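Just below is one structure, and these are the notes that go with it.
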Amino acid sequence: MGNSHATTIATTPFADQRPGTSGLRKKVEIFKQRHYLENFIQSIFDSLEGYQGASFVVGGDGRYYNREAVQKILKIAAANGVGRIVVGQGGILSTPAASALIRSLNAFGGIVLSASHNPGGPHGDFGVKYNISNGGPAPEKVTEAIYRRTLDIASYRIVNAEDVDIDALGESMIGDMRVTVVDSVANYKALMQTLFDFDRIRDAFRSGLTFTFDAMSAVTGPYARALFEDELGAQPGSVINATPLPDFGGRHPDPNLVHARHLYDLAMSDGAPDLCAASDGDGDRNLIIGRGRFVTPSDSLAILAANATIAPGYRKGVAGIARSMPTSGAADRVAEKLSVQLYETPTGWKYFGNLLDAGLVTICGEESAGAGSDHVREKDGLWAVLFWLDILAARKESVDAIVRRHWARYGRNYYSRHDYEEIASDGAHALIETLRQRLPALRSQGIGALEVATADDFAYHDPVDGSDSKHQGLRVIFADGSRIVYRLSGTGTAGATLRVYIERYEPDPAQQYLETQAALADLVTLSRELAEIERYTQRAAPSVIT
Ligand code: VG1
Ligand code: CO
C-alpha cells in the first residue's frame, strides 16, 4: 500500500468557535456530522510544519466515539505523510499518559481524544486536543493557527484502507505509515516508579493503610488497578468503577463534591479509609479526601509543594511553583517559605508548559482539581494520588493531621468556587463587560467600607516566550488579601458558565475550623451583589459549589 490510496475530499469550513482552554469540545452529535472531525484533524496537520515522516501519539479516554475517531485520525495522518503513529491499546491513553508517551518517544506531537470530566455517551460530549512535542497542550499561537485554518479549509486528505486492529499490541502499516499499538499503562507506570518510593507505599499498605480510589468508569481504571492493586498491594477492590465505559455509566466523571459525593460520604463515615481519591474522565484531575477531611485542590497543591522532598523524584527540592490565577494563595505561602518564585498564570494547563520547559517551576496546579509537575506537561491525577500516598507512608500521620499542621504553620486559605452553569451566553458576557467597566471605580473608591487593593482584568506576560494573554478573569482583591474572581468557562459545551472564585486568608489557628461556606458568607453575598449575578444570569444561586 502507498499514498496512492489517499484521496482528497472537498469540504467547507465548519468552525463556529475557537478551541477553548483544552482543545475543541462539542456534543458528540456535532463531532459526528459529516466531515466535522476530519476537518479539524486536517486543520491540525495544515497548521504544523515539518511533521512529514515524524511520529505522533494518539489515544483518548475511551468515551463514546473514541474508537471511530482513532481510525479516522490514523487514515488522515497516513494521507498527510505522518511516519508513525503510536496508539494506546484499544485507543486508550489517559491525558497524562499521552503526555508521558510523547516525551518518551520524542514524538512530534499527539492527539488526545477527551472532553475530560464532561459527560460521555451518544448524547454527551467529545473533544480533541493537540499536544506539542514537549507533551503539553498546544500554546495559543498553535491553537490560533488551527482555528484560523478551520475558517478556510476546503479539503482534507484520507487514505482508503481497512480499519487497523487497535486492540492487539504490535505493528501494522496503513498506507506508508507505521502504526504501533502499545500497552496503555506500561510507560506511565515506569515513569511513576522513578518519582515515588514504591517500597515505602507497599509497606504502608502491608501495615494496614486503607484506600479507596474511584476511577469513575473512566480512563484511570486500568492504570489505577495496575499501580495501586497489582504493583503496590492495596487491597483488591480498593479501585472501584475500574472499567472504562463509553458513557461513564451515565455519570459525570468529575471528581468533585457533587459528582463524587458518595466518596465524600464514605470518607466522612465511621470506618472510612485513610485516603479516598478519584480522577476524572481523562485522568488529569484528582480528588483527595482523607478520613474526615476534604483537601481543597488549592491546599493539596500547597501541601505537595511543602512536602515535595519526601518523594524521591523531588528530593532536590522544587525550583519554583506555579498556580493559575484563580487558585488560592496557599501555594504562595509555601513558595515564600521555600524562598522560590511563585508564578501566577491564566487558567489552563498550557500556560505552565513554558515555565516547566525552562526549569523555572517543578510543581504546578489549579483550583479545579489539577496538580502536576515537570514529569509531564499535563496535570496528572494518579501522580497526585501517588504523591499523597507517599507522604502518608513517610509521615505516618493522617491526612487530617497533615492538613491541620499545614494551616497552623502557613495559615488557612478558605476557598470556594461557585459555578453558574448553562446560563445564557449574552447575559454572561454582559455581566463580565459591565463589571470590567466598573473596575477602575472599585479600585479608587473601594466597596462600602472595604478597601480594594487591586481590581483588574488579569493579563499574563509569559516570562519565557514574551507572549501576552489578556482578559483572563476579573479579580477584586481586598486590602486583607481576600479575593473575588470572575471568569467565564472555556470548556463548557452548552450556553455559558460563570465561575466565581472566593477566597479569604485566616492566619489565626483558633479561627481555622469554620465551615467553609460560613467562613466565606460575607464575601459570597458581596460577590453576587457586585456583579449583579441574579440580574444577568436569572439565577439566585449557583448550580455547583465546590
Ligand atoms: C476548566 C478548569 C481549568 C482546567 C480546564 C481543563 O476550565 O477551570 O482549571 O484547566 O477546565 O481541565 P474552564 O475554562 O471551564 O474554567 V480538564 O480536566 O477539563 O482538561
Ligand atoms: Co480532565
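Scheme for the C-alpha cells: letters A, B, ... for chains in order shown; per-chain residue numbers from 1; ligand numbers from 1 in order shown.
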Distance table requested - chain A against ligand 2, cut-off 8 Å, only C-alpha atoms and all ligand atoms: one row per qualifying residue with the closest atom pair and its distance in Å to one decimal, ordered by chain and rising residue number, as JSON lines.
{"residue": "A:Thr95", "atom": "CA", "partner": "ligand 2", "partner_atom_place_in_ligand_line": "1 (Co)", "distance": 7.4}
{"residue": "A:Ser114", "atom": "CA", "partner": "ligand 2", "partner_atom_place_in_ligand_line": "1 (Co)", "distance": 7.8}
{"residue": "A:Ala115", "atom": "CA", "partner": "ligand 2", "partner_atom_place_in_ligand_line": "1 (Co)", "distance": 7.2}
{"residue": "A:Ser116", "atom": "CA", "partner": "ligand 2", "partner_atom_place_in_ligand_line": "1 (Co)", "distance": 3.7}
{"residue": "A:His117", "atom": "CA", "partner": "ligand 2", "partner_atom_place_in_ligand_line": "1 (Co)", "distance": 5.4}
{"residue": "A:Asp280", "atom": "CA", "partner": "ligand 2", "partner_atom_place_in_ligand_line": "1 (Co)", "distance": 5.5}
{"residue": "A:Gly281", "atom": "CA", "partner": "ligand 2", "partner_atom_place_in_ligand_line": "1 (Co)", "distance": 5.9}
{"residue": "A:Asp282", "atom": "CA", "partner": "ligand 2", "partner_atom_place_in_ligand_line": "1 (Co)", "distance": 4.9}
{"residue": "A:Gly283", "atom": "CA", "partner": "ligand 2", "partner_atom_place_in_ligand_line": "1 (Co)", "distance": 5.8}
{"residue": "A:Asp284", "atom": "CA", "partner": "ligand 2", "partner_atom_place_in_ligand_line": "1 (Co)", "distance": 4.7}
{"residue": "A:Arg285", "atom": "CA", "partner": "ligand 2", "partner_atom_place_in_ligand_line": "1 (Co)", "distance": 5.4}
request  = Taking the chain letters and numbering used in this document, name the residues of segment 143-253 of chain A that DSSP puts in strand (DSSP E), as a PyMOL selection string.
outcome  = chain A and resi 155-159+170-174+177-182+211-214+239-240
How about saving the chosen residues, N, CA, C and O atoms kept, as a PDB file, in the first residue's frame?
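Here's the written file out-v4.pdb:
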ATOM      1  N   SER A 155     -10.542  21.212   1.806  1.00  0.00           N
ATOM      2  CA  SER A 155     -10.491  19.769   1.546  1.00  0.00           C
ATOM      3  C   SER A 155      -9.664  19.083   2.622  1.00  0.00           C
ATOM      4  O   SER A 155      -8.902  19.739   3.339  1.00  0.00           O
ATOM      5  N   TYR A 156      -9.847  17.797   2.746  1.00  0.00           N
ATOM      6  CA  TYR A 156      -8.969  17.008   3.614  1.00  0.00           C
ATOM      7  C   TYR A 156      -8.514  15.769   2.869  1.00  0.00           C
ATOM      8  O   TYR A 156      -9.136  15.361   1.886  1.00  0.00           O
ATOM      9  N   ARG A 157      -7.404  15.207   3.345  1.00  0.00           N
ATOM     10  CA  ARG A 157      -6.859  14.011   2.702  1.00  0.00           C
ATOM     11  C   ARG A 157      -7.046  12.818   3.618  1.00  0.00           C
ATOM     12  O   ARG A 157      -6.868  12.916   4.835  1.00  0.00           O
ATOM     13  N   ILE A 158      -7.399  11.700   3.016  1.00  0.00           N
ATOM     14  CA  ILE A 158      -7.623  10.493   3.810  1.00  0.00           C
ATOM     15  C   ILE A 158      -7.258   9.272   2.975  1.00  0.00           C
ATOM     16  O   ILE A 158      -7.431   9.282   1.753  1.00  0.00           O
ATOM     17  N   VAL A 159      -6.712   8.274   3.650  1.00  0.00           N
ATOM     18  CA  VAL A 159      -6.346   7.031   2.977  1.00  0.00           C
ATOM     19  C   VAL A 159      -7.543   6.087   2.995  1.00  0.00           C
ATOM     20  O   VAL A 159      -8.231   5.971   4.002  1.00  0.00           O
ATOM     21  N   GLY A 170       1.209  -4.405  18.843  1.00  0.00           N
ATOM     22  CA  GLY A 170       2.091  -4.716  17.716  1.00  0.00           C
ATOM     23  C   GLY A 170       2.034  -3.675  16.624  1.00  0.00           C
ATOM     24  O   GLY A 170       1.451  -2.601  16.785  1.00  0.00           O
ATOM     25  N   GLU A 171       2.667  -4.030  15.503  1.00  0.00           N
ATOM     26  CA  GLU A 171       2.868  -3.075  14.407  1.00  0.00           C
ATOM     27  C   GLU A 171       2.037  -3.423  13.191  1.00  0.00           C
ATOM     28  O   GLU A 171       1.818  -4.602  12.900  1.00  0.00           O
ATOM     29  N   SER A 172       1.592  -2.420  12.485  1.00  0.00           N
ATOM     30  CA  SER A 172       0.984  -2.651  11.178  1.00  0.00           C
ATOM     31  C   SER A 172       1.224  -1.406  10.332  1.00  0.00           C
ATOM     32  O   SER A 172       1.783  -0.409  10.812  1.00  0.00           O
ATOM     33  N   MET A 173       0.831  -1.483   9.065  1.00  0.00           N
ATOM     34  CA  MET A 173       1.020  -0.335   8.172  1.00  0.00           C
ATOM     35  C   MET A 173      -0.342   0.151   7.702  1.00  0.00           C
ATOM     36  O   MET A 173      -1.264  -0.634   7.507  1.00  0.00           O
ATOM     37  N   ILE A 174      -0.435   1.439   7.521  1.00  0.00           N
ATOM     38  CA  ILE A 174      -1.617   1.996   6.875  1.00  0.00           C
ATOM     39  C   ILE A 174      -1.068   3.000   5.859  1.00  0.00           C
ATOM     40  O   ILE A 174      -0.423   3.969   6.247  1.00  0.00           O
ATOM     41  N   MET A 177       2.412   4.616   6.420  1.00  0.00           N
ATOM     42  CA  MET A 177       2.602   4.983   7.830  1.00  0.00           C
ATOM     43  C   MET A 177       2.583   3.748   8.722  1.00  0.00           C
ATOM     44  O   MET A 177       1.732   2.885   8.600  1.00  0.00           O
ATOM     45  N   ARG A 178       3.529   3.717   9.643  1.00  0.00           N
ATOM     46  CA  ARG A 178       3.599   2.615  10.596  1.00  0.00           C
ATOM     47  C   ARG A 178       2.662   2.921  11.767  1.00  0.00           C
ATOM     48  O   ARG A 178       2.614   4.065  12.251  1.00  0.00           O
ATOM     49  N   VAL A 179       1.930   1.917  12.215  1.00  0.00           N
ATOM     50  CA  VAL A 179       1.062   2.077  13.382  1.00  0.00           C
ATOM     51  C   VAL A 179       1.552   1.117  14.455  1.00  0.00           C
ATOM     52  O   VAL A 179       1.699  -0.071  14.203  1.00  0.00           O
ATOM     53  N   THR A 180       1.845   1.620  15.629  1.00  0.00           N
ATOM     54  CA  THR A 180       2.283   0.767  16.723  1.00  0.00           C
ATOM     55  C   THR A 180       1.261   0.848  17.848  1.00  0.00           C
ATOM     56  O   THR A 180       0.992   1.943  18.372  1.00  0.00           O
ATOM     57  N   VAL A 181       0.683  -0.277  18.199  1.00  0.00           N
ATOM     58  CA  VAL A 181      -0.255  -0.307  19.325  1.00  0.00           C
ATOM     59  C   VAL A 181       0.527  -0.716  20.566  1.00  0.00           C
ATOM     60  O   VAL A 181       1.163  -1.769  20.588  1.00  0.00           O
ATOM     61  N   VAL A 182       0.516   0.156  21.576  1.00  0.00           N
ATOM     62  CA  VAL A 182       1.301  -0.118  22.791  1.00  0.00           C
ATOM     63  C   VAL A 182       0.386  -0.296  24.002  1.00  0.00           C
ATOM     64  O   VAL A 182      -0.747   0.197  24.022  1.00  0.00           O
ATOM     65  N   PHE A 211      -7.523   2.431  51.637  1.00  0.00           N
ATOM     66  CA  PHE A 211      -7.537   3.318  50.478  1.00  0.00           C
ATOM     67  C   PHE A 211      -8.679   2.933  49.542  1.00  0.00           C
ATOM     68  O   PHE A 211      -8.901   1.748  49.286  1.00  0.00           O
ATOM     69  N   THR A 212      -9.403   3.928  49.064  1.00  0.00           N
ATOM     70  CA  THR A 212     -10.390   3.687  48.009  1.00  0.00           C
ATOM     71  C   THR A 212     -10.137   4.676  46.883  1.00  0.00           C
ATOM     72  O   THR A 212     -10.031   5.881  47.128  1.00  0.00           O
ATOM     73  N   PHE A 213     -10.002   4.152  45.682  1.00  0.00           N
ATOM     74  CA  PHE A 213      -9.834   5.021  44.517  1.00  0.00           C
ATOM     75  C   PHE A 213     -10.990   4.789  43.562  1.00  0.00           C
ATOM     76  O   PHE A 213     -11.248   3.661  43.150  1.00  0.00           O
ATOM     77  N   ASP A 214     -11.677   5.862  43.200  1.00  0.00           N
ATOM     78  CA  ASP A 214     -12.812   5.756  42.286  1.00  0.00           C
ATOM     79  C   ASP A 214     -12.394   6.235  40.898  1.00  0.00           C
ATOM     80  O   ASP A 214     -12.113   7.419  40.695  1.00  0.00           O
ATOM     81  N   VAL A 239      -9.769  -0.206  44.134  1.00  0.00           N
ATOM     82  CA  VAL A 239     -10.114   0.609  42.973  1.00  0.00           C
ATOM     83  C   VAL A 239     -11.552   0.268  42.571  1.00  0.00           C
ATOM     84  O   VAL A 239     -11.861  -0.883  42.256  1.00  0.00           O
ATOM     85  N   ILE A 240     -12.413   1.247  42.610  1.00  0.00           N
ATOM     86  CA  ILE A 240     -13.814   0.998  42.255  1.00  0.00           C
ATOM     87  C   ILE A 240     -14.151   1.678  40.918  1.00  0.00           C
ATOM     88  O   ILE A 240     -13.451   2.593  40.489  1.00  0.00           O
TER      89      ILE A 240
END
task = Compute the set of protein, DNA and RNA residues whose minimum atom distance to ligand 1 is at most 8 Å, using only C-alpha atoms and all ligand atoms, and state it as a ChimeraX atom specification.
result = /A:20-22,115-118,280-285,324,347-349,366-370,379,487-492,497,499
key: A:Ser279, A:Asn80, A:Ser207, A:Asn66 ranked by distance to Gln52 of chain A, top pick (using only C-alpha atoms)   =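 For Gln52 of chain A, the nearest of the candidates is A:Asn80.
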request  = Could you give me, as JSON, numbers by chain, the residues within 12 Å of Arg438 of chain A, counting only C-alpha atoms and dropping anything in the same chain fewer than 2 positions from it?
outcome  = {"A": [431, 432, 433, 434, 435, 436, 440, 441, 442, 443, 444, 445, 446, 447, 455, 456, 457, 474, 475, 476, 530, 531]}
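Every protein or nucleic acid residue with an atom no more than 12 Å from Arg200 of chain A, counting only C-alpha atoms and leaving out same-chain residues fewer than 6 positions away, appears here: Gln193, Arg206, Ser207, Leu209, Leu232, Gly233, Ile310, Ala311, Pro312, Leu386, Phe387, Leu389, Asp390, Ile391, Leu392, Ala393, Ala394, Arg395 and Lys396 of chain A.
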Using C-alpha atoms, can you export the residues from the last selection as a CSV table (one decimal), in the first residue's frame?
chain,number,residue,atom,x,y,z
A,193,GLN,CA,8.3,4.4,39.7
A,206,ARG,CA,1.0,-4.0,54.2
A,207,SER,CA,0.8,-2.3,57.6
A,209,LEU,CA,-3.2,1.8,55.3
A,232,LEU,CA,1.6,-1.5,45.4
A,233,GLY,CA,-0.5,-4.2,47.1
A,310,ILE,CA,9.7,13.4,50.7
A,311,ALA,CA,9.3,11.9,47.3
A,312,PRO,CA,12.5,10.5,45.6
A,386,LEU,CA,0.6,8.5,44.5
A,387,PHE,CA,2.3,11.7,45.9
A,389,LEU,CA,0.2,8.0,49.4
A,390,ASP,CA,4.0,8.5,49.6
A,391,ILE,CA,3.6,11.4,52.0
A,392,LEU,CA,1.2,9.4,54.2
A,393,ALA,CA,3.6,6.4,54.1
A,394,ALA,CA,6.6,8.6,55.0
A,395,ARG,CA,4.9,10.8,57.7
A,396,LYS,CA,2.8,8.1,59.2
Leaving out Gly411 of chain A and any residue of its chain fewer than 2 positions from it, which residues lie within 7 Å of it when counting only C-alpha atoms, given as a PDB file with N, CA and C atoms, in the first residue's frame?
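As a result, result33.pdb now contains:
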ATOM      1  N   TRP A 407      -1.968  24.234  57.969  1.00  0.00           N
ATOM      2  CA  TRP A 407      -2.668  25.500  58.247  1.00  0.00           C
ATOM      3  C   TRP A 407      -2.036  26.235  59.428  1.00  0.00           C
ATOM      4  N   ALA A 408      -1.693  25.458  60.464  1.00  0.00           N
ATOM      5  CA  ALA A 408      -1.119  26.101  61.645  1.00  0.00           C
ATOM      6  C   ALA A 408       0.175  26.820  61.268  1.00  0.00           C
ATOM      7  N   ARG A 409       0.900  26.232  60.375  1.00  0.00           N
ATOM      8  CA  ARG A 409       2.198  26.798  60.004  1.00  0.00           C
ATOM      9  C   ARG A 409       2.076  27.942  58.995  1.00  0.00           C
ATOM     10  N   ASN A 413      -6.249  29.246  53.784  1.00  0.00           N
ATOM     11  CA  ASN A 413      -6.958  29.999  52.751  1.00  0.00           C
ATOM     12  C   ASN A 413      -8.331  29.362  52.559  1.00  0.00           C
ATOM     13  N   GLU A 506      -6.865  33.139  56.553  1.00  0.00           N
ATOM     14  CA  GLU A 506      -7.042  33.148  58.017  1.00  0.00           C
ATOM     15  C   GLU A 506      -5.774  32.638  58.697  1.00  0.00           C
ATOM     16  N   PRO A 507      -4.985  33.569  59.249  1.00  0.00           N
ATOM     17  CA  PRO A 507      -3.734  33.138  59.890  1.00  0.00           C
ATOM     18  C   PRO A 507      -3.937  32.548  61.297  1.00  0.00           C
ATOM     19  N   ASP A 508      -5.044  32.889  61.925  1.00  0.00           N
ATOM     20  CA  ASP A 508      -5.233  32.524  63.340  1.00  0.00           C
ATOM     21  C   ASP A 508      -5.727  31.074  63.486  1.00  0.00           C
TER      22      ASP A 508
END
request  = List the neighbours of Val295 of chain A out to 10 Å using only C-alpha atoms; skip same-chain residues closer than 6 positions along the sequence, and give me the result as a PyMOL selection string.
outcome  = chain A and resi 287-289+301+303+399-400+403
Take the residues from that selection and write them out as a compact mmCIF listing (two decimals), in the first residue's frame, keeping N, CA and C atoms.
# COMPACT_ATOMS: atom_id res chain seq x y z
N LEU A 287 -9.03 14.08 43.13
CA LEU A 287 -9.80 14.45 44.32
C LEU A 287 -9.13 13.72 45.48
N ILE A 288 -8.85 14.46 46.54
CA ILE A 288 -8.18 13.89 47.71
C ILE A 288 -9.06 14.15 48.94
N ILE A 289 -9.49 13.09 49.59
CA ILE A 289 -10.24 13.24 50.84
C ILE A 289 -9.69 12.24 51.84
N LEU A 301 -2.20 21.36 46.44
CA LEU A 301 -1.02 21.87 45.72
C LEU A 301 0.02 22.38 46.71
N ILE A 303 0.34 21.68 49.89
CA ILE A 303 0.87 20.63 50.77
C ILE A 303 1.86 19.74 50.01
N VAL A 399 -4.28 12.23 56.93
CA VAL A 399 -4.47 13.39 56.05
C VAL A 399 -4.90 14.60 56.87
N ASP A 400 -5.84 14.37 57.78
CA ASP A 400 -6.35 15.46 58.61
C ASP A 400 -5.22 16.11 59.40
N VAL A 403 -3.01 18.22 57.13
CA VAL A 403 -3.66 19.46 56.72
C VAL A 403 -3.67 20.47 57.87
